[in-house]
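**Q** The structure file start_5.csv (CSV, C-alpha atoms) is provided below.
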```csv
chain,number,residue,atom,x,y,z
A,1,MET,CA,14.3,13.6,-30.7
A,2,ASN,CA,13.2,10.0,-29.9
A,3,ARG,CA,14.7,9.1,-26.6
A,4,ARG,CA,14.8,5.7,-24.8
A,5,TYR,CA,15.3,5.3,-21.1
A,6,PHE,CA,16.2,2.0,-19.4
A,7,ILE,CA,17.3,0.5,-16.2
A,8,LYS,CA,20.9,-0.8,-15.8
A,9,SER,CA,22.6,-2.0,-12.6
A,10,GLY,CA,19.9,-0.5,-10.4
A,11,SER,CA,20.3,3.0,-11.9
A,12,VAL,CA,18.7,4.9,-14.7
A,13,ALA,CA,20.7,4.9,-17.9
A,14,MET,CA,19.7,7.4,-20.6
A,15,ALA,CA,20.4,6.9,-24.2
A,16,SER,CA,19.5,9.9,-26.3
A,17,PHE,CA,22.1,9.7,-29.0
A,18,GLY,CA,24.6,10.9,-26.4
A,19,VAL,CA,22.9,14.2,-25.9
A,20,MET,CA,22.3,14.4,-22.2
A,21,ALA,CA,21.0,18.0,-22.5
A,22,THR,CA,17.8,16.8,-24.2
A,23,ALA,CA,16.7,14.7,-21.2
A,24,PRO,CA,13.8,16.0,-19.1
A,25,SER,CA,15.0,18.0,-16.2
A,26,PHE,CA,13.0,16.0,-13.6
A,27,LEU,CA,14.8,12.8,-14.9
A,28,LYS,CA,18.2,14.5,-14.8
A,29,ARG,CA,17.7,15.2,-11.1
A,30,ALA,CA,16.5,11.6,-10.5
A,31,LEU,CA,19.5,10.2,-12.3
A,32,ALA,CA,21.9,12.4,-10.4
A,33,ASP,CA,20.4,11.4,-7.1
A,34,THR,CA,20.3,7.7,-8.0
A,35,LEU,CA,23.9,7.7,-9.0
A,36,SER,CA,25.1,9.4,-5.8
A,37,ALA,CA,26.5,7.3,-3.0
A,38,THR,CA,23.8,8.3,-0.5
A,39,GLY,CA,20.9,8.8,-2.9
A,40,ARG,CA,19.2,5.5,-3.0
A,41,ARG,CA,15.5,6.3,-3.0
A,42,LYS,CA,13.3,4.4,-0.5
A,43,THR,CA,9.8,3.7,-1.6
A,44,LEU,CA,6.6,2.8,0.4
A,45,ILE,CA,3.7,1.1,-1.4
A,46,ALA,CA,0.6,1.5,0.7
A,47,ILE,CA,-2.4,-0.7,-0.1
A,48,PHE,CA,-5.9,0.0,1.4
A,49,GLN,CA,-8.3,-2.9,1.6
A,50,ARG,CA,-11.5,-0.9,1.6
A,51,GLY,CA,-14.6,-2.4,3.2
A,52,ALA,CA,-13.1,-3.9,6.4
A,53,VAL,CA,-11.4,-7.2,5.7
A,54,ASP,CA,-12.0,-10.1,8.1
A,55,GLY,CA,-8.6,-10.4,9.6
A,56,LEU,CA,-9.6,-13.5,11.6
A,57,ASN,CA,-10.1,-15.5,8.4
A,58,VAL,CA,-7.1,-13.9,6.7
A,59,VAL,CA,-4.6,-14.7,9.5
A,60,VAL,CA,-6.4,-17.5,11.2
A,61,PRO,CA,-5.9,-18.1,15.0
A,62,PHE,CA,-6.4,-21.8,14.6
A,63,GLY,CA,-4.9,-22.4,18.0
A,64,GLU,CA,-7.9,-20.7,19.6
A,65,HIS,CA,-10.8,-23.1,20.3
A,66,ASN,CA,-13.2,-20.2,20.5
A,67,TYR,CA,-12.5,-19.2,16.9
A,68,TYR,CA,-14.3,-22.4,15.8
A,69,ASP,CA,-17.0,-22.2,18.4
A,70,LEU,CA,-18.0,-18.7,17.3
A,71,ARG,CA,-17.7,-19.5,13.5
A,72,PRO,CA,-19.4,-22.9,12.9
A,73,ASN,CA,-20.0,-22.2,9.2
A,74,ILE,CA,-17.2,-19.8,8.1
A,75,ALA,CA,-14.1,-20.8,10.1
A,76,VAL,CA,-11.1,-21.9,8.1
A,77,ALA,CA,-10.1,-25.5,8.8
A,78,LYS,CA,-7.1,-26.2,10.9
A,79,PRO,CA,-3.9,-27.0,9.0
A,80,ASP,CA,-3.8,-30.6,7.9
A,81,GLY,CA,-1.8,-30.3,4.7
A,82,GLY,CA,-4.8,-30.2,2.5
A,83,ALA,CA,-5.4,-27.5,-0.1
A,84,GLU,CA,-8.5,-26.1,1.7
A,85,SER,CA,-7.0,-25.9,5.2
A,86,ALA,CA,-5.2,-23.0,6.8
A,87,ILE,CA,-1.5,-22.8,6.0
A,88,SER,CA,0.4,-23.1,9.3
A,89,LEU,CA,2.8,-20.3,10.1
A,90,ASP,CA,3.9,-20.8,13.7
A,91,GLY,CA,1.7,-23.5,15.2
A,92,PHE,CA,-0.9,-21.0,16.4
A,93,PHE,CA,-1.6,-18.7,13.4
A,94,GLY,CA,-2.2,-19.8,9.8
A,95,LEU,CA,-2.8,-18.1,6.5
A,96,HIS,CA,-6.1,-18.5,4.6
A,97,PRO,CA,-5.4,-21.1,1.9
A,98,SER,CA,-6.0,-18.5,-0.8
A,99,LEU,CA,-2.9,-16.7,0.5
A,100,ALA,CA,-0.7,-19.6,-0.6
A,101,SER,CA,1.5,-17.2,-2.7
A,102,PHE,CA,2.4,-15.4,0.6
A,103,LYS,CA,3.9,-18.6,2.1
A,104,PRO,CA,7.3,-18.3,0.2
A,105,LEU,CA,7.6,-14.7,1.4
A,106,TRP,CA,6.9,-15.9,5.0
A,107,ASP,CA,9.4,-18.7,4.7
A,108,SER,CA,12.1,-16.4,3.4
A,109,LYS,CA,11.3,-13.9,6.2
A,110,ARG,CA,10.2,-11.2,3.8
A,111,LEU,CA,6.7,-11.0,5.2
A,112,ALA,CA,5.7,-9.8,8.6
A,113,ILE,CA,2.2,-9.6,10.1
A,114,VAL,CA,0.9,-7.3,12.8
A,115,HIS,CA,-2.3,-8.8,14.3
A,116,ALA,CA,-4.8,-7.2,16.6
A,117,SER,CA,-3.9,-3.8,15.1
A,118,GLY,CA,-6.0,-0.9,14.0
A,119,SER,CA,-7.7,2.3,15.2
A,120,PRO,CA,-8.4,3.0,18.8
A,121,ASP,CA,-11.6,4.9,17.8
A,122,ASN,CA,-14.8,2.9,18.3
A,123,THR,CA,-16.6,3.9,15.1
A,124,ARG,CA,-18.1,1.2,12.9
A,125,SER,CA,-18.7,3.6,10.0
A,126,HIS,CA,-16.7,2.7,6.9
A,127,PHE,CA,-16.5,6.4,5.9
A,128,ASP,CA,-15.3,7.7,9.3
A,129,ALA,CA,-12.9,4.8,10.0
A,130,GLN,CA,-11.2,5.2,6.6
A,131,ASP,CA,-11.0,8.9,7.1
A,132,TYR,CA,-9.4,8.4,10.5
A,133,MET,CA,-6.9,5.9,9.3
A,134,GLU,CA,-5.9,7.9,6.2
A,135,SER,CA,-5.6,11.1,8.2
A,136,ALA,CA,-3.9,9.2,11.1
A,137,THR,CA,-6.0,11.2,13.6
A,138,PRO,CA,-8.6,8.8,15.0
A,139,GLY,CA,-11.7,10.5,16.2
A,140,VAL,CA,-10.7,13.9,14.6
A,141,LYS,CA,-12.7,14.8,11.5
A,142,SER,CA,-11.2,18.3,11.1
A,143,THR,CA,-7.7,17.2,10.0
A,144,ALA,CA,-7.0,18.9,6.7
A,145,ASP,CA,-4.4,16.5,5.2
A,146,GLY,CA,-3.5,12.9,5.0
A,147,TRP,CA,-0.6,11.2,6.9
A,148,LEU,CA,1.3,10.4,3.7
A,149,ASN,CA,1.1,14.0,2.5
A,150,ARG,CA,2.3,15.2,5.9
A,151,TYR,CA,5.2,12.9,5.6
A,152,LEU,CA,6.0,14.4,2.2
A,153,GLN,CA,5.7,17.9,3.7
A,154,SER,CA,8.0,17.0,6.6
A,155,LYS,CA,10.9,16.0,4.4
A,156,SER,CA,12.4,17.9,1.5
A,157,ASP,CA,12.9,16.2,-1.9
A,158,PRO,CA,16.3,17.1,-3.5
A,159,GLN,CA,15.0,15.6,-6.8
A,160,LYS,CA,11.9,17.7,-6.8
A,161,SER,CA,10.4,14.7,-8.7
A,162,LEU,CA,7.0,15.1,-10.3
A,163,PHE,CA,6.4,11.5,-9.5
A,164,ARG,CA,7.5,11.5,-5.9
A,165,ALA,CA,4.0,10.5,-4.7
A,166,VAL,CA,1.6,8.7,-7.0
A,167,SER,CA,-1.7,7.1,-6.3
A,168,MET,CA,-2.9,4.5,-8.9
A,169,THR,CA,-6.5,5.4,-8.3
A,170,GLN,CA,-9.3,7.4,-10.0
A,171,ASN,CA,-9.3,10.0,-7.3
A,172,MET,CA,-6.8,11.4,-4.9
A,173,PRO,CA,-7.1,9.3,-1.7
A,174,ARG,CA,-7.5,11.0,1.7
A,175,ALA,CA,-4.0,9.8,2.8
A,176,MET,CA,-2.3,11.7,-0.1
A,177,GLN,CA,-4.3,15.0,0.1
A,178,GLY,CA,-2.5,18.1,1.4
A,179,LYS,CA,0.0,20.8,0.5
A,180,ALA,CA,2.7,18.5,-0.9
A,181,SER,CA,2.6,17.7,-4.6
A,182,THR,CA,1.0,14.4,-5.4
A,183,LEU,CA,-0.5,12.7,-8.5
A,184,ALA,CA,-3.5,10.4,-8.9
A,185,ILE,CA,-3.1,8.4,-12.2
A,186,SER,CA,-5.9,6.1,-13.1
A,187,ASN,CA,-3.9,4.4,-15.8
A,188,LEU,CA,-0.5,5.1,-17.3
A,189,ALA,CA,-1.7,4.0,-20.7
A,190,ASP,CA,-4.4,6.6,-20.7
A,191,PHE,CA,-2.3,9.3,-19.1
A,192,ASN,CA,-5.4,10.5,-17.2
A,193,ILE,CA,-3.6,12.5,-14.5
A,194,ARG,CA,-5.1,14.5,-11.6
A,195,ALA,CA,-2.4,16.6,-9.9
A,196,GLY,CA,-2.7,17.7,-6.3
A,197,GLN,CA,-5.8,18.1,-4.2
A,198,SER,CA,-8.0,20.3,-6.4
A,199,SER,CA,-6.5,20.7,-9.9
A,200,ALA,CA,-8.3,19.7,-13.1
A,201,ASN,CA,-7.5,16.6,-15.1
A,202,VAL,CA,-4.6,16.7,-17.5
A,203,GLN,CA,-5.2,14.1,-20.2
A,204,GLY,CA,-5.4,13.3,-23.9
A,205,GLY,CA,-5.0,16.7,-25.6
A,206,PHE,CA,-2.3,18.0,-23.3
A,207,GLU,CA,-0.2,19.2,-26.1
A,208,ALA,CA,-3.0,21.4,-27.5
A,209,MET,CA,-3.9,22.7,-24.0
A,210,TYR,CA,-0.3,23.5,-23.1
A,211,ASP,CA,-0.3,26.8,-25.2
A,212,ASP,CA,-3.5,28.0,-23.6
A,213,LYS,CA,-2.9,31.0,-21.4
A,214,PHE,CA,-5.2,29.7,-18.6
A,215,VAL,CA,-3.4,26.3,-18.4
A,216,ASN,CA,0.0,28.0,-18.6
A,217,ASP,CA,-0.8,30.4,-15.8
A,218,ALA,CA,-2.3,27.6,-13.7
A,219,LEU,CA,0.7,25.3,-14.1
A,220,HIS,CA,3.3,28.1,-13.7
A,221,GLY,CA,6.9,26.8,-13.6
A,222,THR,CA,5.9,23.1,-13.4
A,223,GLY,CA,4.0,23.2,-16.7
A,224,ARG,CA,6.9,22.3,-19.0
A,225,GLU,CA,8.1,19.6,-16.6
A,226,THR,CA,4.6,18.1,-16.5
A,227,PHE,CA,4.6,18.1,-20.3
A,228,GLU,CA,8.0,16.4,-20.4
A,229,ALA,CA,7.0,13.9,-17.8
A,230,ILE,CA,3.9,12.9,-19.8
A,231,ASN,CA,5.9,12.6,-23.0
A,232,TYR,CA,8.5,10.4,-21.1
A,233,LEU,CA,5.7,8.1,-19.9
A,234,LYS,CA,4.5,7.8,-23.4
A,235,GLN,CA,7.9,6.7,-24.6
A,236,VAL,CA,8.1,4.1,-21.8
A,237,ASN,CA,4.9,2.7,-23.4
A,238,PRO,CA,3.0,1.0,-20.5
A,239,ALA,CA,1.2,-1.3,-23.0
A,240,GLN,CA,4.4,-3.1,-23.8
A,241,TYR,CA,5.7,-3.5,-20.3
A,242,LYS,CA,7.0,-6.9,-19.5
A,243,ALA,CA,7.4,-8.1,-15.9
A,244,GLU,CA,10.7,-9.6,-14.8
A,245,ASN,CA,11.7,-12.8,-13.0
A,246,GLY,CA,8.8,-14.8,-14.3
A,247,ALA,CA,6.2,-12.6,-12.4
A,248,THR,CA,2.6,-12.8,-13.6
A,249,TYR,CA,0.1,-10.2,-12.4
A,250,PRO,CA,-3.6,-11.1,-12.3
A,251,GLN,CA,-5.6,-9.4,-15.0
A,252,THR,CA,-7.6,-7.3,-12.6
A,253,PRO,CA,-7.7,-3.5,-11.8
A,254,PHE,CA,-5.7,-4.2,-8.6
A,255,GLY,CA,-3.1,-6.3,-10.5
A,256,ASN,CA,-2.9,-3.6,-13.1
A,257,SER,CA,-2.3,-1.0,-10.5
A,258,LEU,CA,0.6,-2.9,-8.9
A,259,ARG,CA,2.1,-3.6,-12.3
A,260,GLN,CA,2.1,0.1,-13.1
A,261,ILE,CA,3.7,1.0,-9.7
A,262,ALA,CA,6.5,-1.5,-10.6
A,263,GLN,CA,6.9,0.2,-13.9
A,264,LEU,CA,7.2,3.6,-12.3
A,265,ILE,CA,9.8,2.3,-9.8
A,266,LYS,CA,11.9,0.7,-12.6
A,267,ALA,CA,11.6,3.9,-14.7
A,268,GLY,CA,13.6,5.7,-12.1
A,269,VAL,CA,11.3,8.8,-11.9
A,270,GLY,CA,11.8,9.3,-8.2
A,271,LEU,CA,8.8,7.5,-6.8
A,272,GLU,CA,8.9,7.6,-3.0
A,273,VAL,CA,5.2,7.0,-2.0
A,274,ALA,CA,2.8,4.9,-4.0
A,275,PHE,CA,-0.8,4.2,-3.0
A,276,THR,CA,-3.6,2.0,-4.4
A,277,ASP,CA,-6.6,0.2,-3.0
A,278,ILE,CA,-8.9,-2.8,-3.5
A,279,GLY,CA,-12.5,-2.9,-2.4
A,280,GLY,CA,-15.1,-5.6,-1.8
A,281,TRP,CA,-14.2,-6.7,1.7
A,282,ASP,CA,-17.5,-5.9,3.4
A,283,THR,CA,-18.6,-9.5,3.8
A,284,HIS,CA,-21.9,-9.3,5.7
A,285,VAL,CA,-23.5,-12.2,3.7
A,286,ASN,CA,-22.0,-15.5,2.5
A,287,GLU,CA,-18.4,-14.7,3.4
A,288,GLY,CA,-17.3,-18.2,2.9
A,289,ASN,CA,-14.3,-19.9,4.4
A,290,GLN,CA,-11.9,-22.0,2.3
A,291,GLN,CA,-13.8,-21.0,-0.7
A,292,GLY,CA,-16.3,-18.2,-1.6
A,293,GLN,CA,-16.4,-14.4,-1.6
A,294,LEU,CA,-13.5,-13.7,0.7
A,295,SER,CA,-11.4,-16.5,-0.8
A,296,ASN,CA,-11.7,-15.1,-4.3
A,297,LEU,CA,-10.6,-11.6,-3.2
A,298,LEU,CA,-7.7,-12.9,-1.1
A,299,ARG,CA,-6.4,-14.9,-4.1
A,300,GLN,CA,-6.4,-11.8,-6.3
A,301,PHE,CA,-4.9,-9.7,-3.5
A,302,SER,CA,-2.0,-12.0,-2.7
A,303,THR,CA,-1.1,-13.1,-6.2
A,304,ALA,CA,-0.8,-9.4,-7.2
A,305,ILE,CA,1.4,-8.5,-4.3
A,306,ALA,CA,3.5,-11.6,-4.8
A,307,ALA,CA,3.9,-10.8,-8.5
A,308,LEU,CA,5.0,-7.2,-7.5
A,309,TYR,CA,7.6,-8.6,-5.1
A,310,THR,CA,8.9,-11.0,-7.7
A,311,ASP,CA,8.9,-8.4,-10.5
A,312,LEU,CA,10.9,-5.9,-8.5
A,313,GLY,CA,13.5,-8.4,-7.6
A,314,THR,CA,16.5,-6.8,-5.8
A,315,ARG,CA,14.8,-3.4,-6.0
A,316,MET,CA,12.7,-4.7,-3.0
A,317,ASP,CA,15.9,-3.9,-0.9
A,318,ASP,CA,14.6,-0.3,-1.1
A,319,VAL,CA,10.8,-1.0,-1.1
A,320,VAL,CA,8.3,-1.8,1.7
A,321,ILE,CA,4.7,-2.8,1.0
A,322,LEU,CA,2.2,-2.1,3.7
A,323,THR,CA,-1.5,-3.3,3.7
A,324,MET,CA,-4.3,-1.8,5.9
A,325,SER,CA,-8.1,-1.9,6.3
A,326,GLU,CA,-10.3,0.5,8.3
A,327,PHE,CA,-11.4,-2.1,10.9
A,328,GLY,CA,-11.9,-5.9,11.2
A,329,ARG,CA,-15.1,-8.0,11.6
A,330,THR,CA,-17.0,-9.5,14.4
A,331,VAL,CA,-15.6,-12.6,16.0
A,332,LYS,CA,-18.9,-14.4,15.9
A,333,GLU,CA,-20.5,-15.0,12.5
A,334,ASN,CA,-23.9,-13.5,11.8
A,335,GLY,CA,-27.2,-15.2,10.7
A,336,ASN,CA,-26.3,-14.7,7.0
A,337,ARG,CA,-23.0,-16.7,7.3
A,338,GLY,CA,-21.1,-13.5,7.2
A,339,THR,CA,-19.5,-11.1,9.6
A,340,ASP,CA,-20.4,-7.6,10.7
A,341,HIS,CA,-18.3,-4.5,11.4
A,342,GLY,CA,-15.7,-5.2,14.1
A,343,HIS,CA,-12.6,-3.6,15.6
A,344,ALA,CA,-8.9,-4.9,15.4
A,345,ASN,CA,-7.5,-6.5,12.3
A,346,ALA,CA,-4.3,-7.8,10.6
A,347,MET,CA,-1.7,-5.8,8.6
A,348,PHE,CA,0.9,-7.2,6.2
A,349,ILE,CA,4.4,-5.8,5.7
A,350,VAL,CA,6.6,-7.0,2.8
A,351,GLY,CA,10.1,-6.2,1.9
A,352,ASN,CA,13.7,-7.4,1.9
A,353,THR,CA,14.5,-5.3,4.9
A,354,VAL,CA,11.5,-6.6,6.8
A,355,ARG,CA,12.1,-8.9,9.8
A,356,GLY,CA,9.6,-11.4,8.5
A,357,GLY,CA,8.4,-14.9,9.4
A,358,LYS,CA,6.8,-13.6,12.5
A,359,VAL,CA,3.3,-12.5,13.7
A,360,TYR,CA,3.9,-9.3,15.7
A,361,GLY,CA,1.7,-7.8,18.4
A,362,ASP,CA,0.1,-9.0,21.6
A,363,TRP,CA,-2.6,-11.5,21.0
A,364,PRO,CA,-5.6,-10.5,23.2
A,365,GLY,CA,-7.5,-13.9,22.9
A,366,LEU,CA,-11.0,-14.7,21.8
A,367,LYS,CA,-12.7,-15.7,25.1
A,368,ASN,CA,-15.8,-13.8,25.9
A,369,ASP,CA,-14.2,-11.7,28.6
A,370,GLN,CA,-11.3,-10.9,26.2
A,371,LEU,CA,-13.4,-9.5,23.4
A,372,TRP,CA,-13.8,-5.8,22.8
A,373,GLU,CA,-17.3,-4.7,23.7
A,374,GLY,CA,-18.1,-8.4,24.0
A,375,ARG,CA,-18.0,-9.0,20.3
A,376,ASP,CA,-14.7,-8.0,18.6
A,377,LEU,CA,-11.0,-8.8,18.5
A,378,ALA,CA,-9.5,-6.3,20.9
A,379,LEU,CA,-6.8,-3.8,19.8
A,380,THR,CA,-3.3,-4.2,21.1
A,381,THR,CA,-1.3,-2.2,18.4
A,382,ASP,CA,-2.4,1.3,17.3
A,383,PHE,CA,-2.1,1.6,13.5
A,384,ARG,CA,0.0,4.8,13.9
A,385,ASP,CA,2.7,2.8,15.6
A,386,VAL,CA,2.9,0.6,12.4
A,387,PHE,CA,2.8,3.6,10.1
A,388,GLY,CA,5.4,5.4,12.3
A,389,GLU,CA,7.8,2.5,12.3
A,390,ILE,CA,7.8,2.5,8.5
A,391,ALA,CA,7.9,6.3,8.2
A,392,GLN,CA,10.9,6.6,10.6
A,393,LYS,CA,12.9,3.4,9.9
A,394,HIS,CA,12.2,3.0,6.2
A,395,LEU,CA,11.5,6.4,4.8
A,396,GLY,CA,13.7,8.3,7.2
A,397,ALA,CA,11.2,10.7,8.7
A,398,THR,CA,12.4,12.6,11.7
A,399,ASN,CA,9.6,15.1,12.5
A,400,MET,CA,7.1,12.6,13.7
A,401,LYS,CA,5.0,15.1,15.6
A,402,THR,CA,4.2,16.7,12.2
A,403,VAL,CA,3.4,13.4,10.6
A,404,PHE,CA,1.3,12.2,13.5
A,405,PRO,CA,-0.2,15.3,15.2
A,406,GLY,CA,-1.7,14.8,18.6
A,407,TYR,CA,-0.1,11.3,19.1
A,408,GLU,CA,2.9,10.6,21.3
A,409,LEU,CA,4.8,8.3,18.9
A,410,SER,CA,7.7,6.5,20.5
A,411,SER,CA,10.1,3.9,19.2
A,412,SER,CA,9.3,1.9,22.3
A,413,LYS,CA,5.8,1.3,20.8
A,414,PHE,CA,7.3,0.0,17.5
A,415,ARG,CA,6.9,-3.7,17.0
A,416,GLY,CA,10.3,-4.3,15.5
A,417,PHE,CA,9.4,-5.6,12.1
A,418,LEU,CA,12.0,-3.3,10.6
A,419,GLY,CA,15.6,-3.3,11.6
```
Represent the structure contained in this file as structure tokens.
**A**
Amino acid sequence: MNRRYFIKSGSVAMASFGVMATAPSFLKRALADTLSATGRRKTLIAIFQRGAVDGLNVVVPFGEHNYYDLRPNIAVAKPDGGAESAISLDGFFGLHPSLASFKPLWDSKRLAIVHASGSPDNTRSHFDAQDYMESATPGVKSTADGWLNRYLQSKSDPQKSLFRAVSMTQNMPRAMQGKASTLAISNLADFNIRAGQSSANVQGGFEAMYDDKFVNDALHGTGRETFEAINYLKQVNPAQYKAENGATYPQTPFGNSLRQIAQLIKAGVGLEVAFTDIGGWDTHVNEGNQQGQLSNLLRQFSTAIAALYTDLGTRMDDVVILTMSEFGRTVKENGNRGTDHGHANAMFIVGNTVRGGKVYGDWPGLKNDQLWEGRDLALTTDFRDVFGEIAQKHLGATNMKTVFPGYELSSSKFRGFLG
């Protein structure tokens, strides 16, 4: 039977010639939960900027004279109203001009920033720092699972949704690996799905594979629901998706990932945790300031996130977007008009429940005696306190010791960007 599913008044409405019994079982559970008085699903969209973004040129401390002394070639100009100067936020901090699409979010208090945040570990290795951030156990390489997976393990899912946790990436990210069920989907249109931590790809000829005894045994009781879910996504037809509210996503892999995350949220399939990433932030050479390598990436990054926010509309009441990067860059530019591996950084939090319009965190300063190891922005907010505030206040996590093992997480350390 050809079924069509659509969104109406914030809930999933299913039209299948009036035959509810033919709906996929995973979607029935999602519908029942969505329609219940207490069942509004909260969603976190986590975005990793891989390569260590230069937070000082992203959220510019133009009120610091040392910022300009140490970056004679790559500093972003002070706000003067021009298109190539920093966009003033509060008289001290400003956005890089390529982040202009973030300014309306800031003005409407939907965007918050946590500056001088990151990992307390001193590594300058991309691989180690990403591992520590995604496992949320800085300095510990033996952690088996990622922090997002531990969150999923710590909280039961009444819907038992196959799409509870989805990464729009080629491979399962470290943050999502673990015992809880997760999916890595490279592209909804291709239906190239990798389920869990170590299972094989399920793609293309799934229908033919489904009757195979090996596949049947491997999938056990979830096999038929996986089959139903893939058929459901085919009927949604990602290629014909149209963004709402005038939103326009950039035609880039990152823009495409966010567009498909929006599609999953609107499809009402029970998405609770979404993840994607964007690389290219390792700007050792010719970083640029108002224009150049960093500027081009920031434009793509911000326009995609702004499009996602616009597209979701009132659904952003239940969604929080979080950005992160493994570490920042050196305060002083190098001899190649770039920056090297640093320490603390800036994180963005977007959502209708966010207490935005504010740069959170204690600013450590950029004078020589204030720099970490004499070269980097010092850390004043542990990234786990940012993760923890979102996990507890937005997602409703209660067993924080399970989610963040070995760390004494306390609400007193939260920065207050969520009510």
**Q** Work out how far apart atom CA of Arg110 of chain A and atom CA of Asp318 of chain A are and give it in Å to one decimal.
**A** 12.7 Å
**Q** For segment 377-393 of chain A, work out the shell of residues within 6 Å, counting all atoms listed in the file and skipping chain neighbours fewer than 4 positions away, then give it as a list in words.
**A**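 The residues that qualify are Ala116, Ser117, Gly118, Ser119, Ala344, Asp362, Leu371, Trp372, Ala397 and Phe414 of chain A.
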**Q** Give the answer as one residue: which of A:Ser295, A:Ser181, A:Asn256, A:Asn334 has the shortest atom-to-atom distance to Phe163 of chain A, using only C-alpha atoms?
**A**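 Smallest distance to Phe163 of chain A is found for A:Ser181.
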**Q** Please measure the separation of atom CA of Phe404 of chain A and atom CA of Val140 of chain A, giving the value in Å to one decimal.
**A**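 Value for the atom CA of Phe404 of chain A-atom CA of Val140 of chain A distance: 12.2 Å.
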**Q** Every residue with an atom at most 12 Å from (-21.9, -12.8, 7.9) (file coordinates; all atoms listed in the file) is what I'm after, so could you write them as a count of residues only?
**A** 32
**Q** Taking into account all atoms listed in the file, which residue in the set A:Ala274, A:Val359, A:Ala83, A:Leu89 is nearest to Met176 of chain A?
**A** A:Ala274
**Q** For Gly255 of chain A, please output as a list in words all residues within 12 Å (counting all atoms listed in the file; exclusion window: fewer than 6 positions along the same chain).
**A**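 Listed by chain and then number, they are Ile47, Met168, Asn187, Ala243, Ala247, Thr248, Tyr249, Ile261, Ala262, Thr276, Asp277, Ile278, Leu297, Arg299, Gln300, Phe301, Ser302, Thr303, Ala304, Ile305, Ala306, Ala307 and Leu308 of chain A.
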**Q** Provide the atom CA of Val59 of chain A to atom CA of Phe93 of chain A distance in Å, to one decimal place.
**A**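 Those two atoms sit 6.3 Å apart.
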**Q** Given all atoms listed in the file as the basis, pick out the residue of A:Phe254, A:Tyr241, A:Tyr309, A:Phe48 nearest to Met324 of chain A.
**A**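 For Met324 of chain A, the nearest of the candidates is A:Phe48.
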